[in-house]
Amino acid sequence: MAPRQALLAVHQALEKCFHVIEQQHNSWQSTLTECLPILSSLSNLVEQLQACTKVVFKNTAFREFSDLQLRLKYKLTQAIEISLEQLGEKMSVLKMVQNTTNNQVAACFQMYEQHADAIGLTAVLERSCLCPSIADMLEWLQDVQRFYRSQYPLNVGSCAHGLFLAGVVL
């Protein structure tokens with residue numbers, strides 16, 4: 001392939017990749033926003049469950065309802081599990097964003113590697129006031145990949161582990 005065609009192919013791959021990354025970032029941000037009320041609800045439910053566990057119902061006006069504490073714990077545990085399922089769904093979306101981004105970056109690097117010899121080092125490092133160098137853009141893609149890797153180290157299991165550490169036994 002001619003150097004000019006190879007350069008054009010890599011630029012097109014980079015443009016497509018950055019467009020997909022922008023879409024995925026928007027999805028990431030909206031998913032994180034959707035997680036906030038779920039986390040707030042989960043926090044409240046955990047607090048209620050902890051309070052329910054600490055209270056001695058025999059010393060309150062509710063002593064006549066012998067199974068009230070057990071029922072409350074059951075209801076709160078069910079609500080916590082529902083919230084964790086919802087959070088798990090959101091975590092799946094975040095993982096999908098990470099995977100899509102990684103796949104796009106990998107495809108872009110593969111395109112570059114296929115055409116690196118035809119393009120040459122000088123063209124890869126060349127930048128203008130209107131267009132950054134291919135090397136800069138590839139570095140940005142690595143930064144994006146690193147960002148999503150650092151932002152998605154958790155999973156729902158570790159969230160449940162966090163609840164366990166907070167004293168909530170599901």
# chains A, B, ... in the order shown; residues from 1 in each chain; ligands from 1

call {"tool": "select_by_dssp", "arguments": {"residues": "range 14-168 of chain A", "states": "alpha helix (DSSP H)", "output": "ChimeraX atom specification"}}
result
/A:14-54,68-119,121-125,134-151,156-165

call {"tool": "write_last_selection", "arguments": {"atoms": "C-alpha atoms", "output": "compact mmCIF listing (two decimals), in the first residue's frame"}}
result
# COMPACT_ATOMS: atom_id res chain seq x y z
CA LEU A 14 -8.25 6.79 14.56
CA GLU A 15 -11.22 9.00 13.70
CA LYS A 16 -13.62 6.07 14.00
CA CYS A 17 -12.01 5.01 17.26
CA PHE A 18 -12.30 8.45 18.85
CA HIS A 19 -15.93 8.70 17.73
CA VAL A 20 -16.73 5.33 19.34
CA ILE A 21 -14.84 6.34 22.49
CA GLU A 22 -16.92 9.51 22.71
CA GLN A 23 -20.14 7.49 22.46
CA GLN A 24 -18.89 4.99 25.02
CA HIS A 25 -17.83 7.76 27.38
CA ASN A 26 -21.34 9.24 27.21
CA SER A 27 -22.76 5.81 28.01
CA TRP A 28 -20.27 5.47 30.89
CA GLN A 29 -21.24 8.84 32.35
CA SER A 30 -24.99 8.22 32.10
CA THR A 31 -24.60 4.78 33.68
CA LEU A 32 -22.62 6.24 36.58
CA THR A 33 -25.36 8.84 37.04
CA GLU A 34 -27.95 6.05 37.12
CA CYS A 35 -25.92 4.28 39.83
CA LEU A 36 -26.16 7.16 42.30
CA PRO A 37 -29.79 6.61 43.39
CA ILE A 38 -29.21 2.86 43.58
CA LEU A 39 -26.18 3.37 45.82
CA SER A 40 -28.10 5.84 47.96
CA SER A 41 -30.96 3.39 48.34
CA LEU A 42 -28.54 0.59 49.13
CA SER A 43 -26.86 2.71 51.78
CA ASN A 44 -30.21 3.50 53.39
CA LEU A 45 -31.28 -0.14 53.34
CA VAL A 46 -28.01 -1.25 54.93
CA GLU A 47 -28.40 1.39 57.63
CA GLN A 48 -31.96 0.21 58.32
CA LEU A 49 -30.83 -3.42 58.47
CA GLN A 50 -28.04 -2.54 60.90
CA ALA A 51 -30.51 -0.63 63.09
CA CYS A 52 -32.96 -3.52 62.94
CA THR A 53 -30.23 -5.92 64.02
CA LYS A 54 -29.15 -3.74 66.97
CA LEU A 68 -41.47 -8.52 63.47
CA GLN A 69 -37.68 -8.31 63.67
CA LEU A 70 -37.30 -11.42 61.53
CA ARG A 71 -39.80 -10.12 58.97
CA LEU A 72 -38.10 -6.72 58.81
CA LYS A 73 -34.70 -8.33 58.32
CA TYR A 74 -36.12 -10.51 55.57
CA LYS A 75 -37.77 -7.58 53.76
CA LEU A 76 -34.66 -5.42 54.05
CA THR A 77 -32.43 -8.26 52.85
CA GLN A 78 -34.70 -8.79 49.84
CA ALA A 79 -34.60 -5.07 49.03
CA ILE A 80 -30.79 -5.08 49.35
CA GLU A 81 -30.55 -8.03 46.98
CA ILE A 82 -32.75 -6.23 44.43
CA SER A 83 -30.56 -3.14 44.70
CA LEU A 84 -27.44 -5.28 44.26
CA GLU A 85 -28.98 -6.87 41.15
CA GLN A 86 -29.70 -3.41 39.73
CA LEU A 87 -26.17 -2.34 40.55
CA GLY A 88 -24.88 -5.50 38.90
CA GLU A 89 -26.75 -4.60 35.72
CA LYS A 90 -25.13 -1.16 35.74
CA MET A 91 -21.73 -2.73 36.35
CA SER A 92 -22.33 -4.94 33.30
CA VAL A 93 -22.94 -1.84 31.20
CA LEU A 94 -19.71 -0.32 32.51
CA LYS A 95 -17.83 -3.52 31.69
CA MET A 96 -19.33 -3.48 28.19
CA VAL A 97 -18.12 0.11 27.72
CA GLN A 98 -14.66 -0.93 28.85
CA ASN A 99 -14.63 -3.92 26.49
CA THR A 100 -15.91 -1.90 23.52
CA THR A 101 -13.29 0.76 24.15
CA ASN A 102 -10.53 -1.83 24.47
CA ASN A 103 -11.62 -3.53 21.25
CA GLN A 104 -11.65 -0.25 19.35
CA VAL A 105 -8.22 0.72 20.64
CA ALA A 106 -6.85 -2.72 19.78
CA ALA A 107 -8.28 -2.48 16.25
CA CYS A 108 -6.73 0.94 15.82
CA PHE A 109 -3.32 -0.27 16.97
CA GLN A 110 -3.62 -3.28 14.69
CA MET A 111 -4.35 -0.97 11.75
CA TYR A 112 -1.33 1.14 12.65
CA GLU A 113 0.93 -1.91 12.98
CA GLN A 114 -0.19 -3.18 9.56
CA HIS A 115 0.76 0.11 7.92
CA ALA A 116 3.63 1.30 10.13
CA ASP A 117 6.35 0.39 7.64
CA ALA A 118 4.54 2.05 4.74
CA ILE A 119 3.86 5.23 6.72
CA LEU A 121 8.42 7.19 11.48
CA THR A 122 8.58 10.75 10.17
CA ALA A 123 4.91 10.73 9.13
CA VAL A 124 3.88 9.16 12.44
CA LEU A 125 5.53 11.96 14.39
CA ILE A 134 -0.46 9.69 14.92
CA ALA A 135 1.94 8.97 17.79
CA ASP A 136 0.11 11.47 20.02
CA MET A 137 -3.28 10.02 19.14
CA LEU A 138 -2.11 6.46 19.79
CA GLU A 139 -0.76 7.60 23.15
CA TRP A 140 -4.13 9.18 23.94
CA LEU A 141 -5.82 5.89 23.12
CA GLN A 142 -3.54 4.13 25.58
CA ASP A 143 -4.45 6.74 28.19
CA VAL A 144 -8.14 6.12 27.54
CA GLN A 145 -7.63 2.39 27.88
CA ARG A 146 -5.71 2.87 31.12
CA PHE A 147 -8.46 5.16 32.44
CA TYR A 148 -11.20 2.58 31.90
CA ARG A 149 -9.03 -0.18 33.37
CA SER A 150 -8.42 1.90 36.49
CA GLN A 151 -12.09 2.87 36.80
CA VAL A 156 -20.69 -6.86 42.25
CA GLY A 157 -18.94 -9.51 44.36
CA SER A 158 -16.69 -6.88 45.86
CA CYS A 159 -19.74 -4.69 46.53
CA ALA A 160 -21.31 -7.56 48.45
CA HIS A 161 -17.98 -8.05 50.22
CA GLY A 162 -18.08 -4.36 51.18
CA LEU A 163 -21.54 -4.85 52.66
CA PHE A 164 -20.24 -7.85 54.59
CA LEU A 165 -17.41 -5.73 55.99

call {"tool": "atom_distance", "arguments": {"atom1": "CA of Gln5 in chain A", "atom2": "CA of Cys129 in chain A"}}
result
21.6 Å

call {"tool": "atom_distance", "arguments": {"atom1": "CA of Arg127 in chain A", "atom2": "CA of Pro3 in chain A"}}
result
16.2 Å

call {"tool": "atom_distance", "arguments": {"atom1": "CA of Gly120 in chain A", "atom2": "CA of Leu8 in chain A"}}
result
13.1 Å

call {"tool": "decode", "arguments": {"residues": "range 31-102 of chain A", "atoms": "C-alpha atoms", "output": "PDB file, in the first residue's frame"}}
result
ATOM      1  CA  THR A  31     -24.598   4.777  33.685  1.00  0.00           C
ATOM      2  CA  LEU A  32     -22.623   6.242  36.579  1.00  0.00           C
ATOM      3  CA  THR A  33     -25.359   8.838  37.041  1.00  0.00           C
ATOM      4  CA  GLU A  34     -27.951   6.050  37.122  1.00  0.00           C
ATOM      5  CA  CYS A  35     -25.919   4.275  39.825  1.00  0.00           C
ATOM      6  CA  LEU A  36     -26.164   7.162  42.298  1.00  0.00           C
ATOM      7  CA  PRO A  37     -29.793   6.613  43.394  1.00  0.00           C
ATOM      8  CA  ILE A  38     -29.213   2.857  43.583  1.00  0.00           C
ATOM      9  CA  LEU A  39     -26.182   3.370  45.823  1.00  0.00           C
ATOM     10  CA  SER A  40     -28.097   5.842  47.960  1.00  0.00           C
ATOM     11  CA  SER A  41     -30.958   3.389  48.336  1.00  0.00           C
ATOM     12  CA  LEU A  42     -28.535   0.591  49.131  1.00  0.00           C
ATOM     13  CA  SER A  43     -26.860   2.715  51.776  1.00  0.00           C
ATOM     14  CA  ASN A  44     -30.210   3.502  53.394  1.00  0.00           C
ATOM     15  CA  LEU A  45     -31.279  -0.142  53.344  1.00  0.00           C
ATOM     16  CA  VAL A  46     -28.010  -1.246  54.933  1.00  0.00           C
ATOM     17  CA  GLU A  47     -28.400   1.387  57.627  1.00  0.00           C
ATOM     18  CA  GLN A  48     -31.955   0.207  58.322  1.00  0.00           C
ATOM     19  CA  LEU A  49     -30.830  -3.415  58.475  1.00  0.00           C
ATOM     20  CA  GLN A  50     -28.042  -2.543  60.904  1.00  0.00           C
ATOM     21  CA  ALA A  51     -30.507  -0.626  63.087  1.00  0.00           C
ATOM     22  CA  CYS A  52     -32.965  -3.524  62.936  1.00  0.00           C
ATOM     23  CA  THR A  53     -30.227  -5.917  64.017  1.00  0.00           C
ATOM     24  CA  LYS A  54     -29.152  -3.741  66.965  1.00  0.00           C
ATOM     25  CA  VAL A  55     -32.618  -3.056  68.358  1.00  0.00           C
ATOM     26  CA  VAL A  56     -34.039  -5.395  70.961  1.00  0.00           C
ATOM     27  CA  PHE A  57     -37.713  -5.532  70.050  1.00  0.00           C
ATOM     28  CA  LYS A  58     -38.633  -7.064  73.412  1.00  0.00           C
ATOM     29  CA  ASN A  59     -37.820  -3.699  75.013  1.00  0.00           C
ATOM     30  CA  THR A  60     -40.077  -1.700  72.692  1.00  0.00           C
ATOM     31  CA  ALA A  61     -43.768  -1.256  72.038  1.00  0.00           C
ATOM     32  CA  PHE A  62     -43.412  -3.822  69.254  1.00  0.00           C
ATOM     33  CA  ARG A  63     -42.764  -6.713  71.665  1.00  0.00           C
ATOM     34  CA  GLU A  64     -46.243  -8.114  70.933  1.00  0.00           C
ATOM     35  CA  PHE A  65     -45.161  -8.818  67.352  1.00  0.00           C
ATOM     36  CA  SER A  66     -42.801 -11.686  68.026  1.00  0.00           C
ATOM     37  CA  ASP A  67     -41.651 -12.201  64.443  1.00  0.00           C
ATOM     38  CA  LEU A  68     -41.467  -8.518  63.474  1.00  0.00           C
ATOM     39  CA  GLN A  69     -37.682  -8.310  63.667  1.00  0.00           C
ATOM     40  CA  LEU A  70     -37.295 -11.419  61.534  1.00  0.00           C
ATOM     41  CA  ARG A  71     -39.796 -10.120  58.970  1.00  0.00           C
ATOM     42  CA  LEU A  72     -38.102  -6.724  58.806  1.00  0.00           C
ATOM     43  CA  LYS A  73     -34.697  -8.326  58.325  1.00  0.00           C
ATOM     44  CA  TYR A  74     -36.118 -10.513  55.566  1.00  0.00           C
ATOM     45  CA  LYS A  75     -37.768  -7.582  53.757  1.00  0.00           C
ATOM     46  CA  LEU A  76     -34.657  -5.424  54.051  1.00  0.00           C
ATOM     47  CA  THR A  77     -32.430  -8.258  52.852  1.00  0.00           C
ATOM     48  CA  GLN A  78     -34.703  -8.788  49.843  1.00  0.00           C
ATOM     49  CA  ALA A  79     -34.596  -5.074  49.034  1.00  0.00           C
ATOM     50  CA  ILE A  80     -30.786  -5.084  49.349  1.00  0.00           C
ATOM     51  CA  GLU A  81     -30.548  -8.033  46.979  1.00  0.00           C
ATOM     52  CA  ILE A  82     -32.748  -6.234  44.433  1.00  0.00           C
ATOM     53  CA  SER A  83     -30.556  -3.143  44.699  1.00  0.00           C
ATOM     54  CA  LEU A  84     -27.443  -5.278  44.255  1.00  0.00           C
ATOM     55  CA  GLU A  85     -28.980  -6.865  41.151  1.00  0.00           C
ATOM     56  CA  GLN A  86     -29.701  -3.410  39.734  1.00  0.00           C
ATOM     57  CA  LEU A  87     -26.169  -2.337  40.545  1.00  0.00           C
ATOM     58  CA  GLY A  88     -24.878  -5.504  38.898  1.00  0.00           C
ATOM     59  CA  GLU A  89     -26.748  -4.601  35.715  1.00  0.00           C
ATOM     60  CA  LYS A  90     -25.127  -1.165  35.738  1.00  0.00           C
ATOM     61  CA  MET A  91     -21.728  -2.730  36.352  1.00  0.00           C
ATOM     62  CA  SER A  92     -22.328  -4.938  33.301  1.00  0.00           C
ATOM     63  CA  VAL A  93     -22.937  -1.839  31.203  1.00  0.00           C
ATOM     64  CA  LEU A  94     -19.706  -0.317  32.510  1.00  0.00           C
ATOM     65  CA  LYS A  95     -17.832  -3.517  31.687  1.00  0.00           C
ATOM     66  CA  MET A  96     -19.333  -3.481  28.192  1.00  0.00           C
ATOM     67  CA  VAL A  97     -18.125   0.108  27.716  1.00  0.00           C
ATOM     68  CA  GLN A  98     -14.658  -0.927  28.851  1.00  0.00           C
ATOM     69  CA  ASN A  99     -14.634  -3.920  26.487  1.00  0.00           C
ATOM     70  CA  THR A 100     -15.911  -1.900  23.524  1.00  0.00           C
ATOM     71  CA  THR A 101     -13.293   0.759  24.148  1.00  0.00           C
ATOM     72  CA  ASN A 102     -10.527  -1.829  24.475  1.00  0.00           C
TER      73      ASN A 102
END
